[in-house]
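Asks: protein23.cif (mmCIF, C-alpha atoms and all ligand atoms) pasted underneath:
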data_data
#
loop_
_atom_site.label_atom_id
_atom_site.label_comp_id
_atom_site.auth_asym_id
_atom_site.auth_seq_id
_atom_site.Cartn_x
_atom_site.Cartn_y
_atom_site.Cartn_z
CA MET A 1 65.33 -15.47 38.71
CA ASP A 2 68.05 -12.86 38.59
CA ILE A 3 67.63 -10.84 41.78
CA GLU A 4 70.06 -8.22 40.49
CA LYS A 5 67.44 -7.21 37.93
CA LYS A 6 64.42 -7.16 40.23
CA VAL A 7 62.72 -3.84 40.91
CA TRP A 8 61.14 -3.82 44.35
CA GLU A 9 59.44 -1.15 46.41
CA VAL A 10 62.23 -0.39 48.88
CA LEU A 11 60.93 0.59 52.32
CA CYS A 12 64.30 0.81 54.11
CA SER A 13 67.44 1.23 52.02
CA GLU A 14 70.88 0.00 53.06
CA GLU A 15 71.81 3.59 53.98
CA ASP A 16 68.61 4.07 56.06
CA ILE A 17 69.28 0.83 57.94
CA ASP A 18 72.95 1.59 58.51
CA SER A 19 72.36 5.03 59.98
CA ARG A 20 69.37 3.94 62.12
CA ILE A 21 71.35 1.02 63.57
CA LYS A 22 74.20 3.37 64.51
CA GLU A 23 71.64 5.50 66.42
CA LEU A 24 70.11 2.48 68.13
CA GLY A 25 73.56 1.13 69.07
CA ALA A 26 74.57 4.47 70.58
CA GLN A 27 71.30 4.72 72.53
CA ILE A 28 71.56 1.14 73.84
CA SER A 29 75.24 1.65 74.80
CA GLU A 30 74.26 4.74 76.80
CA ASP A 31 71.19 3.15 78.42
CA TYR A 32 73.06 -0.02 79.46
CA LYS A 33 76.47 1.44 80.33
CA ASP A 34 76.17 0.58 84.02
CA LYS A 35 74.28 -2.68 83.44
CA LYS A 36 75.06 -6.27 82.54
CA LEU A 37 73.71 -6.45 78.99
CA MET A 38 72.65 -9.71 77.38
CA VAL A 39 71.28 -9.54 73.84
CA ILE A 40 69.04 -12.45 72.81
CA SER A 41 68.57 -12.75 69.05
CA LEU A 42 65.40 -14.47 67.84
CA LEU A 43 66.27 -16.79 64.99
CA ARG A 44 66.10 -16.82 62.18
CA GLY A 45 64.65 -13.45 61.18
CA SER A 46 66.87 -11.23 63.33
CA PHE A 47 70.24 -12.76 62.46
CA ILE A 48 71.38 -9.98 60.14
CA PHE A 49 69.88 -7.10 62.14
CA CYS A 50 71.35 -8.42 65.37
CA ALA A 51 74.80 -8.97 63.82
CA ASP A 52 74.88 -5.32 62.74
CA LEU A 53 73.27 -4.01 65.96
CA VAL A 54 75.76 -5.65 68.33
CA ARG A 55 78.63 -4.18 66.30
CA ALA A 56 77.12 -0.73 66.88
CA ILE A 57 77.10 -1.34 70.66
CA ASN A 58 80.30 -0.24 72.38
CA ILE A 59 79.86 -1.73 75.86
CA PRO A 60 80.42 -5.37 76.93
CA VAL A 61 77.57 -7.60 75.74
CA LYS A 62 76.79 -11.29 76.05
CA ILE A 63 75.00 -12.64 72.98
CA GLU A 64 72.57 -15.56 73.04
CA PHE A 65 70.12 -17.06 70.56
CA MET A 66 66.64 -18.47 70.72
CA THR A 67 64.31 -19.94 68.13
CA THR A 68 60.53 -19.71 68.18
CA GLN A 69 57.99 -21.09 65.81
CA SER A 70 54.35 -20.33 65.16
CA TYR A 71 52.46 -22.29 62.60
CA GLY A 72 50.22 -20.03 60.57
CA SER A 73 49.59 -18.86 57.04
CA GLU A 74 52.36 -17.48 54.87
CA PHE A 75 51.55 -13.91 55.95
CA SER A 76 50.47 -14.15 59.57
CA THR A 77 51.00 -16.07 62.76
CA SER A 78 48.61 -18.69 64.13
CA GLY A 79 49.08 -17.29 67.60
CA ASN A 80 50.50 -20.56 68.95
CA VAL A 81 54.03 -19.44 69.62
CA GLU A 82 56.39 -22.20 70.71
CA VAL A 83 60.02 -22.01 71.89
CA VAL A 84 61.85 -24.61 69.80
CA SER A 85 65.36 -23.77 70.98
CA ASP A 86 65.70 -22.03 74.33
CA VAL A 87 68.41 -19.67 75.52
CA LYS A 88 71.32 -21.47 77.18
CA GLY A 89 72.38 -20.68 80.74
CA SER A 90 71.03 -18.45 83.49
CA LEU A 91 69.59 -14.96 82.99
CA GLU A 92 69.91 -14.01 86.65
CA GLY A 93 71.68 -10.68 87.11
CA TYR A 94 71.48 -9.83 83.39
CA ASP A 95 69.70 -6.92 81.74
CA VAL A 96 68.19 -8.71 78.78
CA LEU A 97 67.41 -7.13 75.42
CA VAL A 98 65.39 -9.38 73.09
CA VAL A 99 66.07 -8.59 69.42
CA ASP A 100 63.66 -9.51 66.63
CA ASP A 101 63.27 -8.54 62.98
CA ILE A 102 59.67 -7.33 63.12
CA THR A 103 56.71 -7.00 65.46
CA ASP A 104 53.43 -7.66 63.70
CA SER A 105 50.65 -9.13 65.90
CA ALA A 106 53.24 -8.96 68.76
CA LEU A 107 52.26 -12.48 69.85
CA THR A 108 55.84 -13.70 69.35
CA MET A 109 57.49 -10.94 71.40
CA HIS A 110 54.78 -11.13 74.07
CA HIS A 111 55.31 -14.87 74.45
CA VAL A 112 59.12 -14.61 74.46
CA LEU A 113 59.15 -11.82 77.06
CA ASN A 114 56.87 -13.81 79.38
CA HIS A 115 58.91 -16.96 78.85
CA LEU A 116 62.18 -15.18 79.67
CA LYS A 117 60.75 -13.25 82.64
CA SER A 118 60.26 -16.59 84.39
CA LYS A 119 64.07 -17.00 84.30
CA ASN A 120 64.43 -13.95 86.61
CA PRO A 121 66.58 -11.51 84.60
CA ASN A 122 67.40 -8.19 86.28
CA SER A 123 65.40 -6.42 83.55
CA ILE A 124 63.99 -7.26 80.13
CA LYS A 125 63.30 -5.08 77.09
CA SER A 126 62.64 -5.52 73.38
CA CYS A 127 64.31 -4.17 70.25
CA VAL A 128 62.97 -4.67 66.72
CA LEU A 129 64.12 -3.42 63.35
CA LEU A 130 60.55 -2.97 62.08
CA ASP A 131 57.20 -2.38 63.73
CA LYS A 132 53.75 -2.81 62.14
CA PRO A 133 51.59 -1.39 64.95
CA SER A 134 48.39 -1.55 62.88
CA ARG A 135 48.32 -5.37 63.15
CA ARG A 136 48.53 -5.92 66.91
CA LYS A 137 46.69 -8.78 68.57
CA VAL A 138 48.24 -8.04 71.96
CA GLU A 139 49.26 -4.65 73.29
CA LEU A 140 53.01 -4.20 73.11
CA VAL A 141 55.26 -1.26 72.31
CA PRO A 142 58.86 -2.28 71.51
CA ASP A 143 61.34 -0.44 73.74
CA TYR A 144 63.66 0.18 70.78
CA CYS A 145 62.45 0.27 67.17
CA GLY A 146 64.27 0.96 63.92
CA PHE A 147 61.35 1.87 61.65
CA THR A 148 57.58 1.93 61.94
CA ILE A 149 56.06 0.68 58.68
CA GLU A 150 52.60 0.42 57.17
CA ASP A 151 50.71 -2.84 56.83
CA LYS A 152 52.69 -4.49 54.03
CA PHE A 153 54.37 -7.88 54.00
CA VAL A 154 58.09 -7.21 53.74
CA ALA A 155 61.25 -9.20 53.10
CA GLY A 156 65.02 -8.69 52.91
CA TYR A 157 67.70 -7.90 55.52
CA GLY A 158 67.03 -11.19 57.32
CA LEU A 159 63.27 -11.32 56.75
CA ASN A 160 62.00 -14.12 54.58
CA TYR A 161 59.21 -14.68 52.13
CA GLY A 162 58.79 -18.42 51.68
CA ASP A 163 62.34 -19.62 52.24
CA TYR A 164 63.94 -16.80 50.31
CA TYR A 165 65.06 -13.16 50.25
CA ARG A 166 66.82 -13.07 53.65
CA ASN A 167 70.05 -12.13 51.80
CA ILE A 168 68.68 -9.00 50.12
CA PRO A 169 70.53 -6.13 51.86
CA TYR A 170 67.49 -3.81 52.19
CA VAL A 171 63.82 -4.15 53.21
CA PHE A 172 61.25 -4.27 50.41
CA ALA A 173 57.50 -4.86 50.04
CA VAL A 174 56.68 -8.30 48.65
CA THR A 175 54.47 -8.55 45.58
CA ASP A 176 52.66 -11.54 44.05
CA GLU A 177 55.46 -11.88 41.51
CA ASP A 178 57.94 -12.72 44.28
CA ARG A 179 56.10 -15.95 45.06
CA LYS A 180 58.55 -18.84 44.61
P1 LIG B 1 54.13 -11.53 65.31
O1 LIG B 1 54.19 -12.66 66.30
O2 LIG B 1 52.83 -11.54 64.55
O3 LIG B 1 54.47 -10.19 65.87
O4 LIG B 1 55.14 -11.85 64.18
C1 LIG B 1 56.44 -11.89 64.41
C2 LIG B 1 57.15 -12.81 63.42
O5 LIG B 1 56.44 -13.00 62.18
C3 LIG B 1 58.41 -12.10 63.05
O6 LIG B 1 59.44 -12.53 63.92
C4 LIG B 1 58.63 -12.53 61.63
O7 LIG B 1 59.37 -13.74 61.64
C5 LIG B 1 57.26 -12.82 61.06
N1 LIG B 1 56.75 -11.69 60.24
C6 LIG B 1 55.78 -10.83 60.57
N2 LIG B 1 55.56 -9.93 59.60
C7 LIG B 1 56.45 -10.23 58.63
C8 LIG B 1 56.75 -9.63 57.34
O8 LIG B 1 56.15 -8.64 56.88
N3 LIG B 1 57.74 -10.23 56.63
C9 LIG B 1 58.43 -11.31 57.09
N4 LIG B 1 58.19 -11.89 58.27
C10 LIG B 1 57.21 -11.34 59.03
MG MG B 2 60.43 -14.33 63.36
#
Give the structure from this file in structure tokens form.

Replies:
Amino acid sequence: MDIEKKVWEVLCSEEDIDSRIKELGAQISEDYKDKKLMVISLLRGSFIFCADLVRAINIPVKIEFMTTQSYGSEFSTSGNVEVVSDVKGSLEGYDVLVVDDITDSALTMHHVLNHLKSKNPNSIKSCVLLDKPSRRKVELVPDYCGFTIEDKFVAGYGLNYGDYYRNIPYVFAVTDEDRK
């Protein structure tokens, strides 16, 4: 398939993402200017968002990574969230900001926040590029959010469908034709 020729329904263009990330970076820099910021990127979905976000932050920041897994269907989580690769080192004294690509049921973020709270950070907040509030299974409002979107399965800008589409530089709604 030639992805150059695909026509997708674009929900967040490259320009939309770029300008929203600059706003988020400025807000986070202001909010954490007197704090000891540690950004924790949830792999793999947030790798592109987080790479751009931390470059829009202009205060010192420690960057860590964590991987979670939840076996479920192609379009939704099973609810059994598991930490498969934990953050390295101590969180004590740090103001932690957990970065993910999207909050859907919120089970992933809820689990990760509880898991990390047990490591005694100074504070802990969440930041997501996309939020689908209509699909919550647990109550959670991300502290920082790029875009609130309707209930559509999306891919691109780090988000996958099957094993593909993470490299598309914008966020689009997946259709049946995109099935690999
Ligand atoms: P939650 O636990 O249901 O909130 O789902 C969070 C995880 O599911 C995200 O970190 C994504 O990896 C994945 N996910 C949820 N919705 C989508 C989507 O529309 N496209 C791609 N991945 C998604
Ligand atoms: Mg994910």

Asks: Identify, on the basis of all atoms listed in the file, every residue whose closest approach to segment 100-108 of chain A does not exceed 9 Å; exclude the query and any residue fewer than 6 positions from it along the same chain; express the result as a PDB file with C-alpha atoms, in the coordinates of the input.

Replies:
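selection.pdb, written as the output of this step:
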ATOM      1  CA  ILE A  40      69.040 -12.450  72.810  1.00  0.00           C
ATOM      2  CA  SER A  41      68.570 -12.750  69.050  1.00  0.00           C
ATOM      3  CA  LEU A  42      65.400 -14.470  67.840  1.00  0.00           C
ATOM      4  CA  LEU A  43      66.270 -16.790  64.990  1.00  0.00           C
ATOM      5  CA  ARG A  44      66.100 -16.820  62.180  1.00  0.00           C
ATOM      6  CA  GLY A  45      64.650 -13.450  61.180  1.00  0.00           C
ATOM      7  CA  SER A  46      66.870 -11.230  63.330  1.00  0.00           C
ATOM      8  CA  PHE A  47      70.240 -12.760  62.460  1.00  0.00           C
ATOM      9  CA  ILE A  48      71.380  -9.980  60.140  1.00  0.00           C
ATOM     10  CA  PHE A  49      69.880  -7.100  62.140  1.00  0.00           C
ATOM     11  CA  CYS A  50      71.350  -8.420  65.370  1.00  0.00           C
ATOM     12  CA  THR A  68      60.530 -19.710  68.180  1.00  0.00           C
ATOM     13  CA  GLN A  69      57.990 -21.090  65.810  1.00  0.00           C
ATOM     14  CA  SER A  70      54.350 -20.330  65.160  1.00  0.00           C
ATOM     15  CA  SER A  76      50.470 -14.150  59.570  1.00  0.00           C
ATOM     16  CA  THR A  77      51.000 -16.070  62.760  1.00  0.00           C
ATOM     17  CA  GLY A  79      49.080 -17.290  67.600  1.00  0.00           C
ATOM     18  CA  ASN A  80      50.500 -20.560  68.950  1.00  0.00           C
ATOM     19  CA  VAL A  81      54.030 -19.440  69.620  1.00  0.00           C
ATOM     20  CA  GLU A  82      56.390 -22.200  70.710  1.00  0.00           C
ATOM     21  CA  SER A 126      62.640  -5.520  73.380  1.00  0.00           C
ATOM     22  CA  CYS A 127      64.310  -4.170  70.250  1.00  0.00           C
ATOM     23  CA  VAL A 128      62.970  -4.670  66.720  1.00  0.00           C
ATOM     24  CA  LEU A 129      64.120  -3.420  63.350  1.00  0.00           C
ATOM     25  CA  LEU A 130      60.550  -2.970  62.080  1.00  0.00           C
ATOM     26  CA  ASP A 131      57.200  -2.380  63.730  1.00  0.00           C
ATOM     27  CA  LYS A 132      53.750  -2.810  62.140  1.00  0.00           C
ATOM     28  CA  PRO A 133      51.590  -1.390  64.950  1.00  0.00           C
ATOM     29  CA  SER A 134      48.390  -1.550  62.880  1.00  0.00           C
ATOM     30  CA  ARG A 135      48.320  -5.370  63.150  1.00  0.00           C
ATOM     31  CA  ARG A 136      48.530  -5.920  66.910  1.00  0.00           C
ATOM     32  CA  LYS A 137      46.690  -8.780  68.570  1.00  0.00           C
ATOM     33  CA  VAL A 138      48.240  -8.040  71.960  1.00  0.00           C
ATOM     34  CA  GLU A 139      49.260  -4.650  73.290  1.00  0.00           C
ATOM     35  CA  LEU A 140      53.010  -4.200  73.110  1.00  0.00           C
ATOM     36  CA  VAL A 141      55.260  -1.260  72.310  1.00  0.00           C
ATOM     37  CA  PRO A 142      58.860  -2.280  71.510  1.00  0.00           C
ATOM     38  CA  ASP A 151      50.710  -2.840  56.830  1.00  0.00           C
ATOM     39  CA  TYR A 157      67.700  -7.900  55.520  1.00  0.00           C
ATOM     40  CA  GLY A 158      67.030 -11.190  57.320  1.00  0.00           C
ATOM     41  CA  LEU A 159      63.270 -11.320  56.750  1.00  0.00           C
TER      42      LEU A 159
END

Asks: Could you check how far atom CA of Thr175 of chain A sits from atom CA of Arg20 of chain A, in Å to one decimal?

Replies: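 Distance reported for this atom pair: 25.5 Å.
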
Asks: Near Gln27 of chain A, counting all atoms listed in the file, which residues have an atom at most 12 Å away, once you skip same-chain residues fewer than 2 positions from it, shown as a ChimeraX atom specification?

Replies: /A:20-25,29-33,53,56-59,127,143-146

Asks: Between A:Lys6, A:Lys36, A:Lys119, A:Arg166, which is the closest to ligand LIG 1 (chain B) once you count all atoms listed in the file?

Replies: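 Between A:Lys6, A:Lys36, A:Lys119, A:Arg166, the residue approaching ligand LIG 1 (chain B) most closely is A:Arg166.
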
Asks: Between A:Ile28, A:Thr67, A:Val174, A:Gly72, which has the minimum distance to Arg55 of chain A (counting all atoms listed in the file)?

Replies: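 Between A:Ile28, A:Thr67, A:Val174, A:Gly72, the residue approaching Arg55 of chain A most closely is A:Ile28.
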